[in-house]
file my_file27.pdb (PDB, C-alpha atoms)
ATOM      1  CA  MET A   1      16.075   9.275 -43.523
ATOM      2  CA  THR A   2      12.967  10.337 -41.633
ATOM      3  CA  TRP A   3       9.763   8.312 -41.386
ATOM      4  CA  ARG A   4       6.425   9.994 -40.904
ATOM      5  CA  HIS A   5       3.471   7.700 -40.364
ATOM      6  CA  ALA A   6      -0.216   8.542 -40.531
ATOM      7  CA  ALA A   7      -2.326   5.770 -39.035
ATOM      8  CA  GLY A   8      -6.014   5.287 -38.542
ATOM      9  CA  VAL A   9      -8.994   4.358 -40.615
ATOM     10  CA  ILE A  10     -11.706   6.812 -41.575
ATOM     11  CA  LEU A  11     -15.014   5.464 -42.796
ATOM     12  CA  VAL A  12     -16.006   7.108 -46.042
ATOM     13  CA  SER A  13     -19.244   7.159 -47.945
ATOM     14  CA  VAL A  14     -18.384   6.272 -51.523
ATOM     15  CA  LEU A  15     -20.347   8.272 -54.105
ATOM     16  CA  TRP A  16     -21.489   6.160 -57.039
ATOM     17  CA  ALA A  17     -21.479   7.703 -60.429
ATOM     18  CA  VAL A  18     -21.869   6.413 -63.950
ATOM     19  CA  PRO A  19     -18.893   7.486 -66.090
ATOM     20  CA  ALA A  20     -19.897  10.146 -68.543
ATOM     21  CA  CYS A  21     -17.074   9.712 -71.011
ATOM     22  CA  SER A  22     -17.071   7.647 -74.155
ATOM     23  CA  GLY A  23     -14.481   5.303 -75.477
ATOM     24  CA  PRO A  24     -13.725   1.639 -75.923
ATOM     25  CA  ALA A  25     -13.888   0.984 -72.193
ATOM     26  CA  ASP A  26     -17.440   2.292 -71.897
ATOM     27  CA  SER A  27     -19.115  -0.581 -73.689
ATOM     28  CA  ALA A  28     -16.976  -3.090 -71.836
ATOM     29  CA  ASN A  29     -17.522  -1.687 -68.396
ATOM     30  CA  GLY A  30     -20.785   0.280 -68.518
ATOM     31  CA  GLU A  31     -23.626  -0.537 -66.200
ATOM     32  CA  THR A  32     -27.263  -0.675 -67.328
ATOM     33  CA  GLU A  33     -29.825   0.278 -64.718
ATOM     34  CA  ARG A  34     -32.617  -2.284 -64.440
ATOM     35  CA  PRO A  35     -36.087  -0.771 -65.001
ATOM     36  CA  VAL A  36     -38.153  -0.278 -61.892
ATOM     37  CA  THR A  37     -41.950  -0.087 -61.992
ATOM     38  CA  PRO A  38     -43.583   1.404 -58.920
ATOM     39  CA  ALA A  39     -46.528  -0.433 -57.441
ATOM     40  CA  GLU A  40     -49.768   0.536 -59.149
ATOM     41  CA  SER A  41     -52.488   2.262 -57.162
ATOM     42  CA  PRO A  42     -55.724   0.288 -56.908
ATOM     43  CA  SER A  43     -58.576   1.404 -59.138
ATOM     44  CA  PRO A  44     -60.973   3.829 -57.434
ATOM     45  CA  THR A  45     -63.951   2.104 -55.867
ATOM     46  CA  THR A  46     -67.279   2.387 -57.701
ATOM     47  CA  GLU A  47     -69.311   2.031 -54.517
ATOM     48  CA  PRO A  48     -70.699   5.321 -53.150
ATOM     49  CA  THR A  49     -69.346   6.238 -49.758
ATOM     50  CA  THR A  50     -69.527   9.136 -47.378
ATOM     51  CA  GLU A  51     -66.002   8.423 -46.110
ATOM     52  CA  PRO A  52     -62.954   9.831 -47.918
ATOM     53  CA  THR A  53     -61.092   7.316 -50.057
ATOM     54  CA  VAL A  54     -57.731   6.438 -48.513
ATOM     55  CA  GLN A  55     -55.029   5.650 -51.049
ATOM     56  CA  PRO A  56     -52.528   2.960 -50.008
ATOM     57  CA  THR A  57     -48.976   4.125 -49.354
ATOM     58  CA  ARG A  58     -46.737   3.596 -52.362
ATOM     59  CA  GLU A  59     -43.687   1.438 -51.876
ATOM     60  CA  PRO A  60     -40.470   3.448 -52.308
ATOM     61  CA  THR A  61     -38.739   2.941 -55.636
ATOM     62  CA  PRO A  62     -35.778   0.611 -55.101
ATOM     63  CA  THR A  63     -32.378   2.242 -55.567
ATOM     64  CA  PRO A  64     -30.050   0.349 -57.938
ATOM     65  CA  THR A  65     -27.153  -1.246 -56.110
ATOM     66  CA  PRO A  66     -24.045   0.843 -56.808
ATOM     67  CA  THR A  67     -20.839  -0.738 -58.090
ATOM     68  CA  PRO A  68     -18.061   0.945 -56.102
ATOM     69  CA  ALA A  69     -15.298  -0.936 -57.939
ATOM     70  CA  GLU A  70     -15.920   0.942 -61.144
ATOM     71  CA  PHE A  71     -13.531   3.549 -62.493
ATOM     72  CA  THR A  72     -15.023   7.048 -62.321
ATOM     73  CA  PRO A  73     -13.448   9.454 -64.850
ATOM     74  CA  ALA A  74     -15.036  12.518 -63.215
ATOM     75  CA  ALA A  75     -13.360  11.695 -59.895
ATOM     76  CA  ALA A  76     -10.026  11.231 -61.648
ATOM     77  CA  MET A  77     -10.394  14.567 -63.450
ATOM     78  CA  ALA A  78     -11.093  16.284 -60.121
ATOM     79  CA  VAL A  79      -7.670  15.090 -58.935
ATOM     80  CA  VAL A  80      -6.041  16.434 -62.108
ATOM     81  CA  GLU A  81      -7.765  19.793 -61.603
ATOM     82  CA  HIS A  82      -6.629  20.008 -57.981
ATOM     83  CA  LEU A  83      -3.007  19.019 -58.529
ATOM     84  CA  ALA A  84      -2.397  20.934 -61.759
ATOM     85  CA  GLY A  85      -5.013  23.676 -61.507
ATOM     86  CA  THR A  86      -5.086  24.524 -57.795
ATOM     87  CA  ILE A  87      -1.580  23.551 -56.637
ATOM     88  CA  GLY A  88       0.297  23.872 -59.933
ATOM     89  CA  PRO A  89       4.000  23.153 -60.500
ATOM     90  CA  ARG A  90       5.268  20.625 -57.930
ATOM     91  CA  GLU A  91       9.060  20.611 -58.179
ATOM     92  CA  ALA A  92      10.298  17.745 -56.011
ATOM     93  CA  ALA A  93      11.721  19.756 -53.105
ATOM     94  CA  SER A  94       9.228  22.640 -53.172
ATOM     95  CA  PRO A  95       6.466  23.609 -50.714
ATOM     96  CA  ALA A  96       3.968  22.891 -53.510
ATOM     97  CA  PHE A  97       5.179  19.283 -53.665
ATOM     98  CA  ALA A  98       4.724  18.982 -49.891
ATOM     99  CA  GLU A  99       1.164  20.300 -50.286
ATOM    100  CA  ALA A 100       0.478  17.745 -53.010
ATOM    101  CA  ALA A 101       1.943  14.939 -50.883
ATOM    102  CA  ALA A 102      -0.333  15.914 -47.990
ATOM    103  CA  TYR A 103      -3.345  15.904 -50.343
ATOM    104  CA  VAL A 104      -2.539  12.433 -51.689
ATOM    105  CA  SER A 105      -1.810  11.120 -48.174
ATOM    106  CA  GLU A 106      -5.186  12.384 -46.961
ATOM    107  CA  ARG A 107      -6.969  10.693 -49.867
ATOM    108  CA  PHE A 108      -5.249   7.365 -49.214
ATOM    109  CA  THR A 109      -6.088   7.617 -45.511
ATOM    110  CA  ARG A 110      -9.720   8.420 -46.289
ATOM    111  CA  PHE A 111      -9.918   5.203 -48.322
ATOM    112  CA  GLY A 112      -8.731   3.235 -45.287
ATOM    113  CA  TYR A 113      -5.051   2.667 -46.092
ATOM    114  CA  ASP A 114      -2.120   2.817 -43.720
ATOM    115  CA  VAL A 115      -0.016   5.657 -45.092
ATOM    116  CA  THR A 116       3.691   6.328 -44.714
ATOM    117  CA  GLN A 117       5.779   9.169 -46.101
ATOM    118  CA  VAL A 118       9.453   8.409 -46.625
ATOM    119  CA  ASP A 119      11.829  11.326 -47.181
ATOM    120  CA  VAL A 120      13.763  11.305 -50.455
ATOM    121  CA  PRO A 121      16.808  13.612 -50.483
ATOM    122  CA  VAL A 122      17.512  15.307 -53.818
ATOM    123  CA  PRO A 123      20.556  17.295 -54.960
ATOM    124  CA  ALA A 124      20.622  20.732 -56.522
ATOM    125  CA  GLY A 125      20.443  20.593 -60.278
ATOM    126  CA  ASP A 126      18.706  21.608 -63.469
ATOM    127  CA  SER A 127      14.959  20.989 -63.746
ATOM    128  CA  TRP A 128      14.378  21.232 -67.489
ATOM    129  CA  GLY A 129      16.186  24.538 -67.808
ATOM    130  CA  VAL A 130      15.452  25.901 -64.318
ATOM    131  CA  ALA A 131      18.094  25.801 -61.584
ATOM    132  CA  VAL A 132      16.735  24.118 -58.446
ATOM    133  CA  ASP A 133      18.155  23.771 -54.935
ATOM    134  CA  SER A 134      18.836  20.594 -53.014
ATOM    135  CA  GLY A 135      16.208  19.489 -50.516
ATOM    136  CA  ALA A 136      13.864  16.669 -49.615
ATOM    137  CA  SER A 137      11.025  15.119 -51.554
ATOM    138  CA  ALA A 138       8.944  12.135 -50.387
ATOM    139  CA  ASN A 139       7.446   8.813 -51.416
ATOM    140  CA  VAL A 140       3.831   8.472 -50.221
ATOM    141  CA  ILE A 141       3.155   4.768 -49.619
ATOM    142  CA  ALA A 142      -0.344   3.344 -49.037
ATOM    143  CA  ASP A 143      -0.874  -0.193 -47.734
ATOM    144  CA  PRO A 144      -4.142  -2.050 -47.098
ATOM    145  CA  ALA A 145      -4.827  -3.063 -43.499
ATOM    146  CA  GLY A 146      -2.748  -6.051 -42.427
ATOM    147  CA  PHE A 147      -0.365  -5.704 -45.377
ATOM    148  CA  ASP A 148       2.820  -7.796 -45.110
ATOM    149  CA  PRO A 149       5.539  -6.630 -47.541
ATOM    150  CA  THR A 150       7.302  -9.995 -47.290
ATOM    151  CA  ARG A 151       4.257 -11.758 -48.780
ATOM    152  CA  PRO A 152       3.433 -11.739 -52.523
ATOM    153  CA  HIS A 153       2.053  -8.390 -53.678
ATOM    154  CA  VAL A 154       2.128  -5.943 -56.564
ATOM    155  CA  VAL A 155       3.180  -2.290 -56.643
ATOM    156  CA  ILE A 156       1.358   0.383 -58.621
ATOM    157  CA  GLY A 157       3.111   3.741 -58.734
ATOM    158  CA  ALA A 158       2.816   7.217 -60.225
ATOM    159  CA  HIS A 159       5.192  10.129 -59.724
ATOM    160  CA  LEU A 160       3.785  13.176 -57.981
ATOM    161  CA  ASP A 161       6.423  15.787 -58.859
ATOM    162  CA  THR A 162       6.775  17.983 -61.950
ATOM    163  CA  VAL A 163       9.560  19.902 -63.614
ATOM    164  CA  ALA A 164       9.861  23.395 -62.186
ATOM    165  CA  ALA A 165       7.933  25.261 -64.909
ATOM    166  CA  ALA A 166       5.028  22.892 -65.573
ATOM    167  CA  PRO A 167       1.652  22.566 -63.800
ATOM    168  CA  GLY A 168       1.947  18.896 -64.712
ATOM    169  CA  ALA A 169      -1.624  17.938 -65.596
ATOM    170  CA  GLU A 170      -0.571  15.175 -67.976
ATOM    171  CA  ASP A 171       2.905  14.755 -66.455
ATOM    172  CA  ASN A 172       1.887  13.462 -64.018
ATOM    173  CA  ALA A 173      -1.361  14.447 -62.313
ATOM    174  CA  SER A 174      -2.996  12.077 -64.807
ATOM    175  CA  GLY A 175      -1.089   9.096 -63.413
ATOM    176  CA  VAL A 176      -1.735  10.094 -59.797
ATOM    177  CA  ALA A 177      -5.446  10.502 -60.582
ATOM    178  CA  VAL A 178      -5.672   6.951 -61.939
ATOM    179  CA  LEU A 179      -3.603   5.716 -58.986
ATOM    180  CA  LEU A 180      -6.061   7.213 -56.482
ATOM    181  CA  GLU A 181      -9.112   5.852 -58.307
ATOM    182  CA  LEU A 182      -7.588   2.372 -58.361
ATOM    183  CA  ALA A 183      -6.805   2.670 -54.641
ATOM    184  CA  ARG A 184     -10.430   3.585 -53.947
ATOM    185  CA  MET A 185     -11.670   0.646 -56.004
ATOM    186  CA  ALA A 186      -9.252  -1.804 -54.374
ATOM    187  CA  ALA A 187     -10.319  -0.627 -50.918
ATOM    188  CA  VAL A 188     -13.933  -1.681 -51.525
ATOM    189  CA  GLU A 189     -13.186  -4.742 -53.657
ATOM    190  CA  PRO A 190      -9.706  -6.051 -52.810
ATOM    191  CA  PRO A 191      -7.940  -7.730 -55.754
ATOM    192  CA  PRO A 192      -6.706 -11.323 -55.436
ATOM    193  CA  VAL A 193      -3.183 -10.143 -54.537
ATOM    194  CA  PRO A 194      -2.542  -7.206 -52.151
ATOM    195  CA  VAL A 195      -1.562  -3.917 -53.771
ATOM    196  CA  ARG A 196       0.887  -1.346 -52.416
ATOM    197  CA  PHE A 197       0.179   2.056 -53.969
ATOM    198  CA  ILE A 198       3.051   4.564 -54.152
ATOM    199  CA  ALA A 199       3.069   8.222 -55.199
ATOM    200  CA  PHE A 200       6.769   8.610 -55.946
ATOM    201  CA  GLY A 201       8.703  11.787 -55.287
ATOM    202  CA  ALA A 202      11.451  13.263 -57.443
ATOM    203  CA  GLU A 203      10.958  11.253 -60.607
ATOM    204  CA  GLU A 204      11.783  14.202 -62.853
ATOM    205  CA  PRO A 205      15.444  14.716 -63.830
ATOM    206  CA  ARG A 206      17.799  17.177 -62.187
ATOM    207  CA  GLY A 207      20.483  16.608 -64.787
ATOM    208  CA  GLU A 208      21.640  14.039 -67.329
ATOM    209  CA  GLY A 209      21.702  10.296 -66.785
ATOM    210  CA  ASP A 210      20.099   7.727 -64.521
ATOM    211  CA  ASP A 211      21.858   8.957 -61.390
ATOM    212  CA  LEU A 212      19.949  12.258 -61.617
ATOM    213  CA  HIS A 213      16.542  10.815 -62.461
ATOM    214  CA  HIS A 214      13.877   8.688 -60.701
ATOM    215  CA  PHE A 215      15.166   9.509 -57.218
ATOM    216  CA  GLY A 216      12.116   8.261 -55.318
ATOM    217  CA  SER A 217      11.755   4.904 -57.043
ATOM    218  CA  GLN A 218      15.509   4.276 -57.145
ATOM    219  CA  GLN A 219      15.698   4.837 -53.391
ATOM    220  CA  TYR A 220      12.685   2.600 -52.797
ATOM    221  CA  VAL A 221      14.215  -0.293 -54.741
ATOM    222  CA  ARG A 222      17.707   0.218 -53.314
ATOM    223  CA  GLU A 223      16.433  -0.026 -49.726
ATOM    224  CA  LEU A 224      14.346  -3.173 -50.245
ATOM    225  CA  PRO A 225      15.491  -6.119 -48.110
ATOM    226  CA  GLU A 226      15.819  -9.259 -50.205
ATOM    227  CA  ALA A 227      12.639 -10.845 -48.823
ATOM    228  CA  ARG A 228      10.595  -7.796 -49.819
ATOM    229  CA  ARG A 229      12.229  -7.605 -53.239
ATOM    230  CA  GLN A 230      11.327 -11.236 -53.902
ATOM    231  CA  ALA A 231       7.755 -10.639 -52.733
ATOM    232  CA  ILE A 232       7.007  -8.120 -55.519
ATOM    233  CA  ARG A 233       5.260 -10.036 -58.279
ATOM    234  CA  ALA A 234       5.043  -7.023 -60.552
ATOM    235  CA  MET A 235       5.288  -3.245 -60.684
ATOM    236  CA  VAL A 236       3.269  -0.953 -62.970
ATOM    237  CA  ALA A 237       4.062   2.750 -63.421
ATOM    238  CA  LEU A 238       1.275   5.135 -64.476
ATOM    239  CA  ASP A 239       2.958   8.068 -66.201
ATOM    240  CA  ARG A 240       1.425  10.493 -68.721
ATOM    241  CA  VAL A 241      -1.752   8.503 -69.168
ATOM    242  CA  GLY A 242      -4.311  11.190 -70.061
ATOM    243  CA  VAL A 243      -3.638  12.578 -73.549
ATOM    244  CA  ALA A 244      -6.361  11.456 -75.961
ATOM    245  CA  ALA A 245      -5.334   8.711 -78.371
ATOM    246  CA  ASP A 246      -6.747   5.692 -80.167
ATOM    247  CA  HIS A 247      -4.644   3.376 -77.993
ATOM    248  CA  VAL A 248      -2.784   3.079 -74.688
ATOM    249  CA  PRO A 249       1.018   2.625 -74.763
ATOM    250  CA  VAL A 250       2.299  -0.367 -72.772
ATOM    251  CA  CYS A 251       6.067  -0.149 -72.327
ATOM    252  CA  THR A 252       9.072  -1.830 -70.790
ATOM    253  CA  GLY A 253      12.652  -0.645 -70.586
ATOM    254  CA  GLY A 254      13.813  -3.446 -72.842
ATOM    255  CA  LEU A 255      16.197  -4.910 -70.292
ATOM    256  CA  GLY A 256      14.203  -7.354 -68.183
ATOM    257  CA  THR A 257      11.243  -9.667 -68.654
ATOM    258  CA  THR A 258       8.287  -8.621 -70.785
ATOM    259  CA  ALA A 259       5.857 -10.710 -68.715
ATOM    260  CA  VAL A 260       4.117  -7.725 -67.075
ATOM    261  CA  ARG A 261       3.726  -5.930 -70.407
ATOM    262  CA  SER A 262       2.257  -9.078 -71.963
ATOM    263  CA  ALA A 263      -0.159  -9.486 -69.049
ATOM    264  CA  LEU A 264      -1.318  -5.877 -69.424
ATOM    265  CA  VAL A 265      -1.826  -6.402 -73.159
ATOM    266  CA  ASP A 266      -3.942  -9.478 -72.442
ATOM    267  CA  ALA A 267      -5.968  -7.564 -69.837
ATOM    268  CA  ALA A 268      -6.573  -4.749 -72.353
ATOM    269  CA  ALA A 269      -7.834  -7.257 -74.919
ATOM    270  CA  ALA A 270     -10.240  -8.665 -72.327
ATOM    271  CA  VAL A 271     -11.862  -5.232 -71.909
ATOM    272  CA  ASP A 272     -11.597  -4.355 -75.616
ATOM    273  CA  ILE A 273      -9.115  -1.483 -75.310
ATOM    274  CA  PRO A 274      -6.470  -1.052 -78.055
ATOM    275  CA  VAL A 275      -2.840  -0.859 -76.935
ATOM    276  CA  GLN A 276       0.583  -0.494 -78.519
ATOM    277  CA  GLU A 277       3.690  -2.146 -77.116
ATOM    278  CA  CYS A 278       6.804  -0.004 -76.788
ATOM    279  CA  GLU A 279      10.145   0.435 -75.076
ATOM    280  CA  ASN A 280      10.655   3.369 -72.728
ATOM    281  CA  ARG A 281      12.991   4.000 -69.788
ATOM    282  CA  ALA A 282      11.725   7.430 -68.758
ATOM    283  CA  SER A 283       9.618   6.488 -65.730
ATOM    284  CA  ASP A 284       9.721   4.688 -62.407
ATOM    285  CA  HIS A 285       9.262   1.201 -63.877
ATOM    286  CA  TRP A 286      12.864   1.489 -65.013
ATOM    287  CA  SER A 287      14.152   1.553 -61.427
ATOM    288  CA  PHE A 288      12.419  -1.787 -60.790
ATOM    289  CA  GLU A 289      13.385  -3.338 -64.106
ATOM    290  CA  LYS A 290      17.060  -2.534 -63.548
ATOM    291  CA  ALA A 291      16.811  -4.451 -60.259
ATOM    292  CA  SER A 292      15.317  -7.493 -62.055
ATOM    293  CA  ILE A 293      11.821  -6.871 -60.657
ATOM    294  CA  PRO A 294       9.146  -7.492 -63.332
ATOM    295  CA  ALA A 295       7.768  -4.090 -64.354
ATOM    296  CA  ALA A 296       6.011  -2.131 -67.087
ATOM    297  CA  ARG A 297       4.689   1.353 -67.803
ATOM    298  CA  LEU A 298       1.320   2.560 -69.059
ATOM    299  CA  GLY A 299       1.341   5.887 -70.916
ATOM    300  CA  SER A 300       3.608   8.207 -72.941
ATOM    301  CA  ILE A 301       1.539   9.684 -75.801
ATOM    302  CA  PRO A 302       3.512  12.690 -77.170
ATOM    303  CA  PHE A 303       1.911  16.108 -76.689
ATOM    304  CA  ALA A 304       2.881  19.721 -77.406
ATOM    305  CA  GLY A 305       2.813  20.930 -73.788
ATOM    306  CA  TYR A 306       5.368  18.419 -72.496
ATOM    307  CA  HIS A 307       7.439  19.876 -69.618
ATOM    308  CA  SER A 308       6.034  23.347 -70.225
ATOM    309  CA  PRO A 309       3.528  25.825 -68.716
ATOM    310  CA  ASP A 310       1.014  24.496 -71.269
ATOM    311  CA  ASP A 311       0.654  21.161 -69.446
ATOM    312  CA  VAL A 312      -2.727  22.182 -68.020
ATOM    313  CA  PRO A 313      -5.887  20.187 -67.172
ATOM    314  CA  SER A 314      -7.482  20.758 -70.589
ATOM    315  CA  VAL A 315      -4.731  18.563 -72.061
ATOM    316  CA  VAL A 316      -6.161  15.540 -70.216
ATOM    317  CA  ASP A 317      -8.975  13.458 -71.699
ATOM    318  CA  PRO A 318     -11.312  11.671 -69.232
ATOM    319  CA  GLY A 319     -11.864   8.876 -71.737
ATOM    320  CA  GLN A 320      -8.160   8.058 -71.856
ATOM    321  CA  LEU A 321      -7.972   8.030 -68.051
ATOM    322  CA  ASN A 322     -10.905   5.612 -68.112
ATOM    323  CA  ARG A 323      -9.127   3.294 -70.553
ATOM    324  CA  VAL A 324      -5.943   3.196 -68.497
ATOM    325  CA  GLY A 325      -7.878   2.664 -65.281
ATOM    326  CA  ASN A 326      -9.870  -0.199 -66.750
ATOM    327  CA  ILE A 327      -6.811  -1.913 -68.215
ATOM    328  CA  THR A 328      -5.038  -1.771 -64.870
ATOM    329  CA  TRP A 329      -8.100  -2.946 -62.950
ATOM    330  CA  ALA A 330      -8.575  -5.867 -65.350
ATOM    331  CA  TRP A 331      -4.895  -6.732 -64.906
ATOM    332  CA  LEU A 332      -5.238  -6.667 -61.109
ATOM    333  CA  GLN A 333      -8.111  -9.167 -61.256
ATOM    334  CA  ARG A 334      -5.798 -11.636 -63.014
ATOM    335  CA  GLN A 335      -3.006 -11.570 -60.423
TER     336      GLN A 335
END

call {"tool": "encode", "arguments": {"input": "my_file27.pdb", "output": "structure tokens"}}
result
Amino acid sequence: MTWRHAAGVILVSVLWAVPACSGPADSANGETERPVTPAESPSPTTEPTTEPTVQPTREPTPTPTPTPAEFTPAAAMAVVEHLAGTIGPREAASPAFAEAAAYVSERFTRFGYDVTQVDVPVPAGDSWGVAVDSGASANVIADPAGFDPTRPHVVIGAHLDTVAAAPGAEDNASGVAVLLELARMAAVEPPPVPVRFIAFGAEEPRGEGDDLHHFGSQQYVRELPEARRQAIRAMVALDRVGVAADHVPVCTGGLGTTAVRSALVDAAAAVDIPVQECENRASDHWSFEKASIPAARLGSIPFAGYHSPDDVPSVVDPGQLNRVGNITWAWLQRQ
């Protein structure tokens, strides 16, 4: 196993934008700009004078204070467009996956995180009907400065790879887009408990059964020393979170505790976003749940382009990304 570490902190100017999408989260999280009235000019003097009248300098209009820790759907959609539109299919051991991993690593680094890439070996197999060779994928791990993995923390993850034939806008550029927005928000307004963000490699199957699925997250959990395993309060997987719907699915695998799912449901109620509880084992939360680490998944609305060339950016709805981002952010504030 090879470790590649990118260190250093780059100061970044955070652009503030008001989300343009609509949806339940808008009313709960929207900002209203306070009105600003510029200073009035004094009335012209009525006294005759041979000197030109000098108008006082106007005070500059105050700029509203931005709220950096606010989910920005447009920024999330830009990530979807880049991963699925510019890079395209990102099979786990392909050069395109390596390009995507470098892109995500650079974004994490720009936000000020310490970033590590951990190689994930994968066997040859069948990627949804396409034969693929063995090779190496990677987990991209982002930690806040001073992070101690033996102290209580939470993990938020989203898989970066796709099946061989799909551009993977919904599955799973949508999850990675929300992951990166949450990382940006947490960098400027750290949640009560530290967060480790992980873009997992090789989540997609290369054959039947658990042994040929979720390679990146299974390796991550398998290699955890006991102290680090015990330090994980909760894990949330963001997977297929962008298809428009009137709710957000909140799932567990049905094997372990439902505490994380219940906490996410409560957080969604606090920001007035409808959810539906479900059971699902087809994402990286399952690797944690099998190891008795509290975990849950957000996402999994069915859509026609699943695992196909039709999984393109137009499939993804900014409003749904906003809902998922706001649920997760509200959940983080309660940890």

call {"tool": "atom_distance", "arguments": {"input": "my_file27.pdb", "atom1": "CA of Ala92 (chain A)", "atom2": "CA of Ala131 (chain A)"}}
result
12.5 Å

call {"tool": "atom_distance", "arguments": {"input": "my_file27.pdb", "atom1": "CA of Val188 (chain A)", "atom2": "CA of Ala84 (chain A)"}}
result
27.4 Å

call {"tool": "atom_distance", "arguments": {"input": "my_file27.pdb", "atom1": "CA of Ala158 (chain A)", "atom2": "CA of Gly209 (chain A)"}}
result
20.2 Å

call {"tool": "resolve_selection", "arguments": {"input": "my_file27.pdb", "expression": "the PyMOL selection byres ((chain A and resi 234-236) around 8)", "output": "list of chain:residue names"}}
result
A:His153, A:Val154, A:Val155, A:Ile156, A:Gly157, A:Ile232, A:Arg233, A:Ala237, A:Leu238, A:Val260, A:His285, A:Phe288, A:Ile293, A:Pro294, A:Ala295, A:Ala296, A:Arg297, A:Leu298

call {"tool": "write_last_selection", "arguments": {"input": "my_file27.pdb", "atoms": "C-alpha atoms", "output": "PDB file, keeping the file's coordinate frame"}}
result
ATOM      1  CA  HIS A 153       2.053  -8.390 -53.678  1.00  0.00           C
ATOM      2  CA  VAL A 154       2.128  -5.943 -56.564  1.00  0.00           C
ATOM      3  CA  VAL A 155       3.180  -2.290 -56.643  1.00  0.00           C
ATOM      4  CA  ILE A 156       1.358   0.383 -58.621  1.00  0.00           C
ATOM      5  CA  GLY A 157       3.111   3.741 -58.734  1.00  0.00           C
ATOM      6  CA  ILE A 232       7.007  -8.120 -55.519  1.00  0.00           C
ATOM      7  CA  ARG A 233       5.260 -10.036 -58.279  1.00  0.00           C
ATOM      8  CA  ALA A 237       4.062   2.750 -63.421  1.00  0.00           C
ATOM      9  CA  LEU A 238       1.275   5.135 -64.476  1.00  0.00           C
ATOM     10  CA  VAL A 260       4.117  -7.725 -67.075  1.00  0.00           C
ATOM     11  CA  HIS A 285       9.262   1.201 -63.877  1.00  0.00           C
ATOM     12  CA  PHE A 288      12.419  -1.787 -60.790  1.00  0.00           C
ATOM     13  CA  ILE A 293      11.821  -6.871 -60.657  1.00  0.00           C
ATOM     14  CA  PRO A 294       9.146  -7.492 -63.332  1.00  0.00           C
ATOM     15  CA  ALA A 295       7.768  -4.090 -64.354  1.00  0.00           C
ATOM     16  CA  ALA A 296       6.011  -2.131 -67.087  1.00  0.00           C
ATOM     17  CA  ARG A 297       4.689   1.353 -67.803  1.00  0.00           C
ATOM     18  CA  LEU A 298       1.320   2.560 -69.059  1.00  0.00           C
TER      19      LEU A 298
END

call {"tool": "closest_residue", "arguments": {"input": "my_file27.pdb", "among": "A:Gly85, A:Gly168, A:Pro191, A:Gln117", "to": "Pro309 (chain A)", "atoms": "all atoms listed in the file"}}
result
A:Gly168

call {"tool": "resolve_selection", "arguments": {"input": "my_file27.pdb", "expression": "the PyMOL selection byres ((chain A and resi 302) around 12)", "output": "NGL selection string"}}
result
:A and (170-171 or 239-245 or 248-249 or 299-301 or 303-307 or 311 or 315)

call {"tool": "axis_aligned_box", "arguments": {"input": "my_file27.pdb", "around": "region 86-96 of chain A", "padding_each_side": "4 Å", "output": "AutoDock Vina command-line options"}}
result
--center_x 3.3 --center_y 21.1 --center_z -55.6 --size_x 24.8 --size_y 14.8 --size_z 17.8

call {"tool": "closest_residue", "arguments": {"input": "my_file27.pdb", "among": "A:Val265, A:Val195, A:Cys278, A:Val178", "to": "Gly146 (chain A)", "atoms": "all atoms listed in the file"}}
result
A:Val195

call {"tool": "resolve_selection", "arguments": {"input": "my_file27.pdb", "expression": "the PyMOL selection byres ((chain A and resi 324) around 10)", "output": "JSON, numbers by chain"}}
result
{"A": [25, 71, 175, 178, 238, 241, 242, 247, 248, 249, 250, 268, 273, 275, 298, 299, 319, 320, 321, 322, 323, 325, 326, 327, 328, 329, 330]}

call {"tool": "residues_around", "arguments": {"input": "my_file27.pdb", "residues": "Ser287 (chain A)", "least_positions_apart": "6", "cutoff": "8 Å", "atoms": "all atoms listed in the file", "output": "list of chain:residue names"}}
result
A:His214, A:Ser217, A:Gln218, A:Val221

call {"tool": "write_last_selection", "arguments": {"input": "my_file27.pdb", "atoms": "C-alpha atoms", "output": "CSV table (one decimal), in the frame of the given file"}}
result
chain,number,residue,atom,x,y,z
A,214,HIS,CA,13.9,8.7,-60.7
A,217,SER,CA,11.8,4.9,-57.0
A,218,GLN,CA,15.5,4.3,-57.1
A,221,VAL,CA,14.2,-0.3,-54.7

call {"tool": "residues_near_point", "arguments": {"input": "my_file27.pdb", "point": "(0.6, 13.1, -50.2)", "cutoff": "10 Å", "atoms": "only C-alpha atoms", "output": "list in words"}}
result
Phe97, Ala98, Glu99, Ala100, Ala101, Ala102, Tyr103, Val104, Ser105, Glu106, Arg107, Phe108, Thr109, Val115, Thr116, Gln117, Ala138, Asn139, Val140, Ile141, Ala142, Leu160, Ile198, Ala199, Phe200 and Gly201 of chain A

call {"tool": "closest_residue", "arguments": {"input": "my_file27.pdb", "among": "A:Pro123, A:Pro73, A:Pro192, A:Gly135", "to": "Ala93 (chain A)", "atoms": "all atoms listed in the file"}}
result
A:Gly135

call {"tool": "closest_residue", "arguments": {"input": "my_file27.pdb", "among": "A:Leu264, A:Leu83, A:Val316, A:Val193", "to": "Arg151 (chain A)", "atoms": "all atoms listed in the file"}}
result
A:Val193

call {"tool": "residues_around", "arguments": {"input": "my_file27.pdb", "residues": "Val80 (chain A)", "least_positions_apart": "2", "cutoff": "6 Å", "atoms": "only C-alpha atoms", "output": "ChimeraX atom specification"}}
result
/A:77-78,82-84,169,173-174

call {"tool": "write_last_selection", "arguments": {"input": "my_file27.pdb", "atoms": "C-alpha atoms", "output": "compact mmCIF listing (two decimals), in the frame of the given file"}}
result
# COMPACT_ATOMS: atom_id res chain seq x y z
CA MET A 77 -10.39 14.57 -63.45
CA ALA A 78 -11.09 16.28 -60.12
CA HIS A 82 -6.63 20.01 -57.98
CA LEU A 83 -3.01 19.02 -58.53
CA ALA A 84 -2.40 20.93 -61.76
CA ALA A 169 -1.62 17.94 -65.60
CA ALA A 173 -1.36 14.45 -62.31
CA SER A 174 -3.00 12.08 -64.81
